[in-house]
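The next block holds one structure in the form of structure tokens; read it before the comments.
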Amino acid sequence: MYHELSVADRPLCHAEPGYARYAVSVDDFRSHLEQLSEDGWTGKSVTEALRSFGNKSVCITFDDGCETDLLCAAPLLKERSFGATFYVTIGYLGQKGYLTERRVRDLHEMGFEIGCHSMTHPYLTDVNDVQLRQETAGANERLEQICGSRVEHFSCPGGRWNARVADAVRNAGFRTMATSQTGINKANTDPFALNRVAVLGGTRSDVLLRTCRGEGLFQARLGETIRDSAKRLLGNRMYDSLRKSLLGNG
Ligand SMILES: [Zn+2]
């Protein structure tokens with residue numbers, strides 16, 4: 001799970017440290033792909049991964065719909081004939097640093113898969129039923145209009161989800177829902193609770209390769225369990241403000 005790629009002299013979509021830690025530099029991304037290729041891995045979109053779930057297949061996803069998806073990630077993926085799924089937030093389209101509708105179509109025409117990352121990027125666990133429908137079914141309908149084809153995969157904003165969210169995503173006509181729960185997926189993994197691994201800024205290629213092999217995920221999962229309990233105890237809003245102040249942007 002990637003987010004925005006960072007490019008020298010180009011400001012990120014958001015400046016907060018909590019956002020910036022998810023930004024991977026283009027150079028690091030290039031070397032990730034290089035290493036994967038050299039080690040015999042193939043990058044796939046969600047649909048491709050569902051179709052043939054072979055050895056040394058890694059599903060590559062991008063959240064949010066940043067402009068660097070098209071400008072930086074897409075050409076590097078193409079060079080290696082890797083597939084990927086780009087989950088787009090519809091409300092962000094056209095904003096500074098994000099894709100436009102035209103550019104979403106460009107990505108799609110290049111052969112990449114477009115997925116949905118909600119309408120306005122709220123924590124879906126916090127919204128009422130009407131909003132939840134709008135963020136899932138409403139977003140699906142709008143994105144299909146933009147792409148001119150079916151949109152079958154959804155990823156949860158901020159990684160927040162529960163059974164109610166999964167039901168809404170299923171009822172909206174999607175085939176899968178990706179969470180931010182750390183882990184690899186197996187043939188029997190619930191398609192409405194797909195695991196992912198966040199690739200953070202500064203991730204070395206050898207660490208990424210180990211992650212693809214499913215190694216070293218235990219520690220990440222442990223940290224996640226602690227964070228999940230804190231989110232439950234504090235609620236999303238208080239958790240976010242605490243996290244902000246801890247990351248030095250109080
Ligand atoms: Zn997001």
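Each chain in the structure tokens gets a letter, A, B, ..., in the order shown, and its residues are numbered from 1; ligands are numbered from 1 in order too.
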*asked:* Distance limit 12 Å, reference ligand 1, atoms considered: only C-alpha atoms and all ligand atoms. Which residues make the cut? Give them as number ranges by chain.
replied: A: 1-4, 13-14, 19, 22, 61-66, 86-92, 116-124, 154-160, 178-180, 198
_Taking 4 positions as the minimum chain separation for residues in the same chain, which residues sit within 7 Å of Arg175 of chain A when counting only C-alpha atoms? Answer as a ChimeraX atom specification._
/A:152-153,170
Using 9 Å as the limit and counting only C-alpha atoms, can you tabulate each residue of segment 82-143 of chain A that touches segment 41-46 of chain A, with its shortest atom-to-atom distance in Å and the two atoms involved, as CSV?
```
residue,atom,partner,partner_atom,distance
A:Phe82,CA,A:Gly43,CA,4.5
A:Gly83,CA,A:Lys44,CA,4.2
A:Ala84,CA,A:Ser45,CA,3.9
A:Thr85,CA,A:Ser45,CA,4.8
A:Phe86,CA,A:Ser45,CA,8.6
A:Phe112,CA,A:Ser45,CA,7.4
A:Glu113,CA,A:Ser45,CA,6.3
A:Gly115,CA,A:Val46,CA,9.0
```
For the residues in the current selection, export all heavy atoms as an mmCIF file, in the first residue's frame.
```
data_model
loop_
_atom_site.group_PDB
_atom_site.id
_atom_site.type_symbol
_atom_site.label_atom_id
_atom_site.label_comp_id
_atom_site.auth_asym_id
_atom_site.auth_seq_id
_atom_site.Cartn_x
_atom_site.Cartn_y
_atom_site.Cartn_z
ATOM 1 N N PHE A 82 4.366 -4.084 -14.789
ATOM 2 C CA PHE A 82 3.665 -4.396 -13.550
ATOM 3 C C PHE A 82 2.268 -3.788 -13.599
ATOM 4 O O PHE A 82 2.085 -2.675 -14.095
ATOM 5 C CB PHE A 82 4.393 -3.781 -12.344
ATOM 6 C CG PHE A 82 5.554 -4.588 -11.833
ATOM 7 C CD1 PHE A 82 6.063 -5.663 -12.547
ATOM 8 C CD2 PHE A 82 6.129 -4.265 -10.606
ATOM 9 C CE1 PHE A 82 7.132 -6.403 -12.059
ATOM 10 C CE2 PHE A 82 7.200 -4.997 -10.107
ATOM 11 C CZ PHE A 82 7.702 -6.069 -10.834
ATOM 12 N N GLY A 83 1.297 -4.516 -13.078
ATOM 13 C CA GLY A 83 -0.037 -3.955 -12.887
ATOM 14 C C GLY A 83 -0.128 -3.315 -11.513
ATOM 15 O O GLY A 83 0.752 -3.519 -10.661
ATOM 16 N N ALA A 84 -1.179 -2.539 -11.295
ATOM 17 C CA ALA A 84 -1.413 -1.929 -9.977
ATOM 18 C C ALA A 84 -2.843 -1.412 -9.938
ATOM 19 O O ALA A 84 -3.462 -1.209 -10.981
ATOM 20 C CB ALA A 84 -0.434 -0.780 -9.736
ATOM 21 N N THR A 85 -3.340 -1.233 -8.720
ATOM 22 C CA THR A 85 -4.669 -0.645 -8.542
ATOM 23 C C THR A 85 -4.518 0.708 -7.849
ATOM 24 O O THR A 85 -3.841 0.800 -6.822
ATOM 25 C CB THR A 85 -5.566 -1.574 -7.693
ATOM 26 O OG1 THR A 85 -5.713 -2.812 -8.392
ATOM 27 C CG2 THR A 85 -6.936 -0.960 -7.456
ATOM 28 N N PHE A 86 -5.131 1.724 -8.440
ATOM 29 C CA PHE A 86 -5.086 3.071 -7.876
ATOM 30 C C PHE A 86 -6.456 3.403 -7.296
ATOM 31 O O PHE A 86 -7.427 3.560 -8.037
ATOM 32 C CB PHE A 86 -4.704 4.086 -8.960
ATOM 33 C CG PHE A 86 -3.299 3.930 -9.458
ATOM 34 C CD1 PHE A 86 -3.004 3.083 -10.524
ATOM 35 C CD2 PHE A 86 -2.250 4.605 -8.841
ATOM 36 C CE1 PHE A 86 -1.694 2.924 -10.978
ATOM 37 C CE2 PHE A 86 -0.933 4.455 -9.288
ATOM 38 C CZ PHE A 86 -0.656 3.613 -10.360
ATOM 39 N N PHE A 112 -4.057 0.525 -16.183
ATOM 40 C CA PHE A 112 -4.072 0.331 -14.731
ATOM 41 C C PHE A 112 -5.500 0.262 -14.217
ATOM 42 O O PHE A 112 -6.428 0.790 -14.830
ATOM 43 C CB PHE A 112 -3.297 1.455 -14.026
ATOM 44 C CG PHE A 112 -1.834 1.399 -14.324
ATOM 45 C CD1 PHE A 112 -1.240 2.323 -15.169
ATOM 46 C CD2 PHE A 112 -1.046 0.383 -13.792
ATOM 47 C CE1 PHE A 112 0.108 2.248 -15.480
ATOM 48 C CE2 PHE A 112 0.300 0.300 -14.086
ATOM 49 C CZ PHE A 112 0.877 1.243 -14.929
ATOM 50 N N GLU A 113 -5.649 -0.386 -13.092
ATOM 51 C CA GLU A 113 -6.980 -0.540 -12.518
ATOM 52 C C GLU A 113 -7.301 0.648 -11.603
ATOM 53 O O GLU A 113 -6.473 1.065 -10.796
ATOM 54 C CB GLU A 113 -7.031 -1.836 -11.707
ATOM 55 C CG GLU A 113 -8.362 -2.062 -11.024
ATOM 56 C CD GLU A 113 -8.542 -3.518 -10.632
ATOM 57 O OE1 GLU A 113 -7.805 -3.993 -9.739
ATOM 58 O OE2 GLU A 113 -9.403 -4.175 -11.246
ATOM 59 N N GLY A 115 -9.579 1.883 -8.566
ATOM 60 C CA GLY A 115 -10.424 1.456 -7.461
ATOM 61 C C GLY A 115 -10.985 2.685 -6.763
ATOM 62 O O GLY A 115 -10.604 3.815 -7.076
#
```
*as a ChimeraX atom specification, please: all residues of segment 1-235 of chain A that backbone DSSP puts in strand (DSSP E).*
/A:5-6,24-25,42-44,57-59,61-64,85-88,113-116,153-155,176-182,194-196
_Selected residue, from A:Arg237, A:Arg30, A:Arg51, A:Lys96, that lies nearest to Cys72 of chain A when counting only C-alpha atoms_ =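 Using only C-alpha atoms, Cys72 of chain A sits closest to A:Arg30.
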